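Listing of run.txt, compact mmCIF, C-alpha atoms
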# COMPACT_ATOMS: atom_id res chain seq x y z
CA MET A 1 84.99 78.69 114.97
CA ALA A 2 85.19 81.54 112.47
CA GLY A 3 82.32 82.04 110.09
CA ARG A 4 82.52 81.35 106.39
CA ALA A 5 82.15 85.00 105.43
CA THR A 6 83.60 85.65 102.00
CA VAL A 7 86.73 87.77 101.97
CA LYS A 8 86.79 90.21 99.08
CA PRO A 9 90.01 90.17 97.03
CA GLY A 10 90.68 93.85 97.78
CA GLU A 11 90.26 93.23 101.51
CA LEU A 12 92.67 90.28 101.36
CA ARG A 13 95.24 92.29 99.37
CA ALA A 14 95.03 95.28 101.73
CA ALA A 15 95.41 93.09 104.83
CA VAL A 16 98.43 91.27 103.39
CA ASP A 17 100.07 94.46 102.11
CA VAL A 18 100.08 95.96 105.62
CA VAL A 19 102.05 93.04 107.09
CA THR A 20 104.35 92.35 104.11
CA PRO A 21 107.30 94.52 105.27
CA TRP A 22 107.33 92.60 108.58
CA LEU A 23 107.14 89.28 106.76
CA LEU A 24 110.01 90.19 104.46
CA ASP A 25 112.19 91.49 107.31
CA GLU A 26 111.73 90.03 110.78
CA SER A 27 113.73 92.93 112.24
CA ALA A 28 111.16 95.44 110.90
CA ALA A 29 108.69 96.80 113.39
CA ALA A 30 105.76 94.44 113.85
CA PRO A 31 102.41 95.73 112.62
CA ALA A 32 99.71 96.53 115.15
CA ARG A 33 97.97 93.50 116.67
CA SER A 34 94.75 94.48 114.86
CA GLU A 35 96.60 94.52 111.51
CA ILE A 36 98.12 91.09 112.14
CA ALA A 37 94.70 89.80 113.18
CA ALA A 38 93.08 91.16 110.02
CA ALA A 39 95.70 89.52 107.79
CA VAL A 40 95.50 86.19 109.63
CA ARG A 41 91.70 86.13 109.52
CA ALA A 42 91.51 87.18 105.88
CA THR A 43 93.99 84.54 104.73
CA ALA A 44 92.52 81.77 106.88
CA ARG A 45 88.97 82.52 105.74
CA THR A 46 90.15 82.64 102.14
CA LEU A 47 91.68 79.19 102.65
CA ALA A 48 88.39 77.92 104.07
CA ALA A 49 86.53 79.31 101.04
CA SER A 50 89.07 77.91 98.55
CA ALA A 51 89.24 74.48 100.21
CA PRO A 52 85.74 74.04 101.62
CA GLY A 53 85.18 71.15 103.96
CA HIS A 54 85.50 70.01 107.53
CA SER A 55 88.26 67.41 107.61
CA VAL A 56 91.13 69.70 108.71
CA GLU A 57 91.11 72.44 111.31
CA LEU A 58 93.56 75.32 110.86
CA ARG A 59 94.34 77.08 114.13
CA VAL A 60 96.24 80.35 114.41
CA PRO A 61 95.75 81.32 118.04
CA PRO A 62 94.53 83.67 119.31
CA PHE A 63 93.15 84.99 116.03
CA VAL A 64 91.25 82.30 114.17
CA ALA A 65 90.35 78.67 113.69
CA VAL A 66 88.70 77.46 110.50
CA GLN A 67 87.74 74.11 109.11
CA CYS A 68 88.73 73.30 105.56
CA VAL A 69 89.49 70.51 103.09
CA GLU A 70 86.75 68.26 101.81
CA GLY A 71 86.24 65.04 103.71
CA PRO A 72 84.59 63.65 106.80
CA ARG A 73 83.05 66.25 109.11
CA HIS A 74 84.38 66.45 112.64
CA THR A 75 81.88 67.57 115.29
CA ARG A 76 83.08 66.77 118.83
CA GLY A 77 86.31 66.83 120.78
CA THR A 78 89.75 67.33 119.30
CA PRO A 79 89.72 67.07 115.51
CA PRO A 80 91.80 64.24 114.04
CA ASN A 81 93.50 66.58 111.54
CA VAL A 82 94.88 69.85 112.87
CA VAL A 83 97.31 72.42 111.49
CA GLU A 84 98.44 74.90 114.14
CA THR A 85 100.97 77.70 114.10
CA ASP A 86 101.63 81.27 115.20
CA ALA A 87 100.48 84.31 113.24
CA ARG A 88 103.79 85.19 111.57
CA THR A 89 104.45 81.62 110.44
CA TRP A 90 100.91 81.34 109.07
CA LEU A 91 101.29 84.60 107.16
CA LEU A 92 104.64 83.46 105.74
CA LEU A 93 102.94 80.28 104.55
CA ALA A 94 99.89 82.13 103.24
CA THR A 95 102.08 84.45 101.17
CA GLY A 96 104.39 81.76 99.85
CA LEU A 97 107.40 83.07 101.73
CA LEU A 98 107.73 79.80 103.66
CA ASP A 99 107.26 76.22 102.51
CA PHE A 100 104.80 74.03 104.45
CA ALA A 101 107.28 71.15 104.82
CA ALA A 102 110.02 73.53 106.00
CA ALA A 103 107.66 74.97 108.62
CA VAL A 104 106.83 71.48 109.89
CA ASP A 105 110.50 70.44 109.89
CA SER A 106 111.50 73.55 111.88
CA GLY A 107 108.77 72.95 114.46
CA ALA A 108 107.11 76.29 113.71
CA LEU A 109 103.99 74.46 112.54
CA THR A 110 102.35 71.28 113.76
CA ALA A 111 100.37 69.18 111.32
CA SER A 112 98.72 66.26 113.09
CA GLY A 113 96.62 63.68 111.33
CA SER A 114 96.90 62.11 107.90
CA ARG A 115 94.89 64.85 106.15
CA ALA A 116 96.62 67.88 107.71
CA PRO A 117 99.41 68.12 105.10
CA GLU A 118 96.74 68.59 102.40
CA VAL A 119 96.55 72.26 103.44
CA ALA A 120 99.86 72.76 101.62
CA TYR A 121 98.08 72.18 98.29
CA TRP A 122 96.09 75.41 98.79
CA LEU A 123 99.11 77.58 99.61
CA PRO A 124 100.04 80.30 98.91
CA ILE A 125 96.82 82.21 99.30
CA ALA A 126 98.13 85.69 98.42
CA LYS A 127 101.57 86.56 97.11
CA PRO A 128 103.15 89.72 98.56
CA ALA A 129 102.86 92.72 96.26
CA ALA A 130 105.95 93.39 94.18
CA ASP A 131 107.76 96.61 94.94
Taking this structure as input, can you express it in the form of structure tokens?
Amino acid sequence: MAGRATVKPGELRAAVDVVTPWLLDESAAAPARSEIAAAVRATARTLAASAPGHSVELRVPPFVAVQCVEGPRHTRGTPPNVVETDARTWLLLATGLLDFAAAVDSGALTASGSRAPEVAYWLPIAKPAAD
């Protein structure tokens, strides 16, 4: 589980800016794995700080898993409320370029448990910089 280290706004902005061209154009060259990882971790940890709690687990393998959303704490086994997706889909959600419900409907994101959809309330985390 990732720590609750605070992500500075400048760090979040820089991480998102690096991946924005790839998010806006899927045919663009993908950023380096380390750049994708930095953006995923920064946005997920910002979510965890903005929506503190332990009732939902956000998983973006292989980069990060964080617990968020106020409610009952989960301590053992598979959490009852899980949101899981790939890095690009998560970054599209985190930047507001993709709607949570659309991601679920397309199968790009799984949201299991009654509390999992609450993550949508906290999105987007960081809008892409305007050109």
Residues near A:Thr6, cut-off 8 Å, only C-alpha atoms, skip fewer than 2 positions along chain, as a PDB file with C-alpha atoms, in the frame of the given file:
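Result file follows (out_23.pdb):
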ATOM      1  CA  ARG A   4      82.520  81.350 106.390  1.00  0.00           C
ATOM      2  CA  LYS A   8      86.790  90.210  99.080  1.00  0.00           C
ATOM      3  CA  ARG A  45      88.970  82.520 105.740  1.00  0.00           C
ATOM      4  CA  THR A  46      90.150  82.640 102.140  1.00  0.00           C
ATOM      5  CA  ALA A  49      86.530  79.310 101.040  1.00  0.00           C
TER       6      ALA A  49
END
For A:Ala102: contacts at 12 Å, all atoms listed in the file, fewer than 3 positions along chain excluded, given as a PyMOL selection string: chain A and resi 89+92-93+96-99+105-111+117+120
Would you mind exporting C-alpha atoms of the selected residues as a short mmCIF file (atom, residue, chain, number, x, y, z; two decimals), in the coordinates of the input?
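So part-v5.cif came out as:
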data_model
loop_
_atom_site.label_atom_id
_atom_site.label_comp_id
_atom_site.auth_asym_id
_atom_site.auth_seq_id
_atom_site.Cartn_x
_atom_site.Cartn_y
_atom_site.Cartn_z
CA THR A 89 104.45 81.62 110.44
CA LEU A 92 104.64 83.46 105.74
CA LEU A 93 102.94 80.28 104.55
CA GLY A 96 104.39 81.76 99.85
CA LEU A 97 107.40 83.07 101.73
CA LEU A 98 107.73 79.80 103.66
CA ASP A 99 107.26 76.22 102.51
CA ASP A 105 110.50 70.44 109.89
CA SER A 106 111.50 73.55 111.88
CA GLY A 107 108.77 72.95 114.46
CA ALA A 108 107.11 76.29 113.71
CA LEU A 109 103.99 74.46 112.54
CA THR A 110 102.35 71.28 113.76
CA ALA A 111 100.37 69.18 111.32
CA PRO A 117 99.41 68.12 105.10
CA ALA A 120 99.86 72.76 101.62
#
Kindly give the distance, in Å, that separates atom CA of A:Phe63 and atom CA of A:Ala30, rounded to a single decimal.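 Here the two named atoms are 15.9 Å from each other.
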Any idea what's packed within 10 Å of A:Ile125, counting only C-alpha atoms, ignoring anything in its chain fewer than 3 positions away? Could you give it as a ChimeraX atom specification? /A:12,42-44,46-47,50,91,93-96,122,128
Given the choices A:Asp86, A:Glu11, A:Glu118, A:Asp17, which gets closest to A:Cys68 if the distance is worked out from all atoms listed in the file? A:Glu118
Counting all atoms listed in the file, figure out which residue out of A:Ser55, A:Gln67, A:Thr20, A:Asn81 gets nearest to A:Ala116. A:Asn81
Would you compute the distance between atom CA of A:Val64 and atom CA of A:Ser34? Give it in Å to one decimal.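 Calculated distance between atom CA of A:Val64 and atom CA of A:Ser34 is 12.7 Å.
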Please measure the separation of atom CA of A:Val69 and atom CA of A:Phe100, giving the value in Å to one decimal.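 Between these atoms lies a distance of 15.8 Å.
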Looking at all atoms listed in the file, which of A:Val104, A:Ala14, A:Ile36, A:Ala87 is the one that sits closest to A:Val60?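 Nearest to A:Val60: A:Ala87.
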With 5 Å of padding per side, what axis-aligned box (centre and edge lengths, Å, one decimal) covers all the listed atoms of stretch 25-44 of chain A? Give it as lines of an AutoDock Vina configuration file.
center_x = 102.6
center_y = 89.3
center_z = 110.7
size_x = 32.2
size_y = 25.0
size_z = 21.9
Return the single residue from A:Ala29, A:Val19, A:Ala103, A:Val119 that is closest to A:Gly53, with distances computed using only C-alpha atoms. A:Val119
Residue nearest A:Ala48 - candidates A:Ala65, A:Glu35, A:Pro9, A:Pro72, atoms counted: all atoms listed in the file: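 Closest candidate: A:Ala65.
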Please complete stretch 22-33 of chain A so it has all heavy atoms, and hand it over as a PDB file, in the coordinates of the input.
ATOM      1  N   TRP A  22     106.965  93.399 107.407  1.00  0.00           N
ATOM      2  CA  TRP A  22     107.330  92.600 108.580  1.00  0.00           C
ATOM      3  C   TRP A  22     107.626  91.152 108.186  1.00  0.00           C
ATOM      4  O   TRP A  22     108.529  90.523 108.740  1.00  0.00           O
ATOM      5  CB  TRP A  22     106.186  92.677 109.589  1.00  0.00           C
ATOM      6  CG  TRP A  22     106.314  91.841 110.807  1.00  0.00           C
ATOM      7  CD1 TRP A  22     107.298  91.880 111.762  1.00  0.00           C
ATOM      8  CD2 TRP A  22     105.381  90.854 111.263  1.00  0.00           C
ATOM      9  NE1 TRP A  22     107.029  90.981 112.776  1.00  0.00           N
ATOM     10  CE2 TRP A  22     105.849  90.343 112.489  1.00  0.00           C
ATOM     11  CE3 TRP A  22     104.177  90.368 110.766  1.00  0.00           C
ATOM     12  CZ2 TRP A  22     105.175  89.358 113.198  1.00  0.00           C
ATOM     13  CZ3 TRP A  22     103.496  89.395 111.470  1.00  0.00           C
ATOM     14  CH2 TRP A  22     104.002  88.899 112.683  1.00  0.00           C
ATOM     15  N   LEU A  23     106.896  90.645 107.208  1.00  0.00           N
ATOM     16  CA  LEU A  23     107.140  89.280 106.760  1.00  0.00           C
ATOM     17  C   LEU A  23     108.461  89.167 106.008  1.00  0.00           C
ATOM     18  O   LEU A  23     109.169  88.178 106.124  1.00  0.00           O
ATOM     19  CB  LEU A  23     105.997  88.793 105.863  1.00  0.00           C
ATOM     20  CG  LEU A  23     104.620  88.708 106.532  1.00  0.00           C
ATOM     21  CD1 LEU A  23     103.572  88.301 105.517  1.00  0.00           C
ATOM     22  CD2 LEU A  23     104.640  87.765 107.725  1.00  0.00           C
ATOM     23  N   LEU A  24     108.773  90.196 105.244  1.00  0.00           N
ATOM     24  CA  LEU A  24     110.010  90.190 104.460  1.00  0.00           C
ATOM     25  C   LEU A  24     111.247  90.448 105.304  1.00  0.00           C
ATOM     26  O   LEU A  24     112.349  90.049 104.932  1.00  0.00           O
ATOM     27  CB  LEU A  24     109.916  91.218 103.331  1.00  0.00           C
ATOM     28  CG  LEU A  24     108.876  90.920 102.252  1.00  0.00           C
ATOM     29  CD1 LEU A  24     108.759  92.097 101.297  1.00  0.00           C
ATOM     30  CD2 LEU A  24     109.191  89.627 101.521  1.00  0.00           C
ATOM     31  N   ASP A  25     111.062  91.120 106.441  1.00  0.00           N
ATOM     32  CA  ASP A  25     112.190  91.490 107.310  1.00  0.00           C
ATOM     33  C   ASP A  25     111.751  91.371 108.763  1.00  0.00           C
ATOM     34  O   ASP A  25     111.082  92.260 109.294  1.00  0.00           O
ATOM     35  CB  ASP A  25     112.640  92.911 106.986  1.00  0.00           C
ATOM     36  CG  ASP A  25     113.799  93.380 107.854  1.00  0.00           C
ATOM     37  OD1 ASP A  25     114.341  92.586 108.665  1.00  0.00           O
ATOM     38  OD2 ASP A  25     114.166  94.561 107.721  1.00  0.00           O
ATOM     39  N   GLU A  26     112.139  90.283 109.397  1.00  0.00           N
ATOM     40  CA  GLU A  26     111.730  90.030 110.780  1.00  0.00           C
ATOM     41  C   GLU A  26     112.191  91.129 111.743  1.00  0.00           C
ATOM     42  O   GLU A  26     111.590  91.342 112.788  1.00  0.00           O
ATOM     43  CB  GLU A  26     112.251  88.674 111.242  1.00  0.00           C
ATOM     44  CG  GLU A  26     111.684  88.225 112.561  1.00  0.00           C
ATOM     45  CD  GLU A  26     112.076  86.807 112.919  1.00  0.00           C
ATOM     46  OE1 GLU A  26     112.913  86.197 112.222  1.00  0.00           O
ATOM     47  OE2 GLU A  26     111.542  86.307 113.919  1.00  0.00           O
ATOM     48  N   SER A  27     113.245  91.862 111.368  1.00  0.00           N
ATOM     49  CA  SER A  27     113.730  92.930 112.240  1.00  0.00           C
ATOM     50  C   SER A  27     112.902  94.217 112.081  1.00  0.00           C
ATOM     51  O   SER A  27     113.055  95.143 112.870  1.00  0.00           O
ATOM     52  CB  SER A  27     115.205  93.226 111.971  1.00  0.00           C
ATOM     53  OG  SER A  27     115.378  93.782 110.685  1.00  0.00           O
ATOM     54  N   ALA A  28     112.042  94.269 111.073  1.00  0.00           N
ATOM     55  CA  ALA A  28     111.160  95.440 110.900  1.00  0.00           C
ATOM     56  C   ALA A  28     110.167  95.478 112.050  1.00  0.00           C
ATOM     57  O   ALA A  28     109.846  94.452 112.660  1.00  0.00           O
ATOM     58  CB  ALA A  28     110.428  95.347 109.564  1.00  0.00           C
ATOM     59  N   ALA A  29     109.680  96.655 112.330  1.00  0.00           N
ATOM     60  CA  ALA A  29     108.690  96.800 113.390  1.00  0.00           C
ATOM     61  C   ALA A  29     107.449  95.972 113.060  1.00  0.00           C
ATOM     62  O   ALA A  29     106.977  95.975 111.919  1.00  0.00           O
ATOM     63  CB  ALA A  29     108.304  98.266 113.550  1.00  0.00           C
ATOM     64  N   ALA A  30     106.961  95.260 114.056  1.00  0.00           N
ATOM     65  CA  ALA A  30     105.760  94.440 113.850  1.00  0.00           C
ATOM     66  C   ALA A  30     104.552  95.354 113.654  1.00  0.00           C
ATOM     67  O   ALA A  30     104.451  96.409 114.290  1.00  0.00           O
ATOM     68  CB  ALA A  30     105.535  93.540 115.056  1.00  0.00           C
ATOM     69  N   PRO A  31     103.645  94.957 112.779  1.00  0.00           N
ATOM     70  CA  PRO A  31     102.410  95.730 112.620  1.00  0.00           C
ATOM     71  C   PRO A  31     101.606  95.689 113.917  1.00  0.00           C
ATOM     72  O   PRO A  31     101.875  94.878 114.811  1.00  0.00           O
ATOM     73  CB  PRO A  31     101.660  94.984 111.517  1.00  0.00           C
ATOM     74  CG  PRO A  31     102.659  94.091 110.876  1.00  0.00           C
ATOM     75  CD  PRO A  31     103.711  93.804 111.900  1.00  0.00           C
ATOM     76  N   ALA A  32     100.607  96.529 113.992  1.00  0.00           N
ATOM     77  CA  ALA A  32      99.710  96.530 115.150  1.00  0.00           C
ATOM     78  C   ALA A  32      99.000  95.170 115.238  1.00  0.00           C
ATOM     79  O   ALA A  32      98.784  94.503 114.220  1.00  0.00           O
ATOM     80  CB  ALA A  32      98.673  97.644 115.009  1.00  0.00           C
ATOM     81  N   ARG A  33      98.665  94.784 116.442  1.00  0.00           N
ATOM     82  CA  ARG A  33      97.970  93.500 116.670  1.00  0.00           C
ATOM     83  C   ARG A  33      96.716  93.409 115.791  1.00  0.00           C
ATOM     84  O   ARG A  33      96.433  92.353 115.229  1.00  0.00           O
ATOM     85  CB  ARG A  33      97.614  93.368 118.144  1.00  0.00           C
ATOM     86  CG  ARG A  33      96.840  92.113 118.482  1.00  0.00           C
ATOM     87  CD  ARG A  33      96.551  92.058 119.994  1.00  0.00           C
ATOM     88  NE  ARG A  33      95.508  91.134 120.333  1.00  0.00           N
ATOM     89  CZ  ARG A  33      95.658  89.825 120.512  1.00  0.00           C
ATOM     90  NH1 ARG A  33      96.837  89.280 120.357  1.00  0.00           N
ATOM     91  NH2 ARG A  33      94.631  89.058 120.834  1.00  0.00           N
TER      92      ARG A  33
END
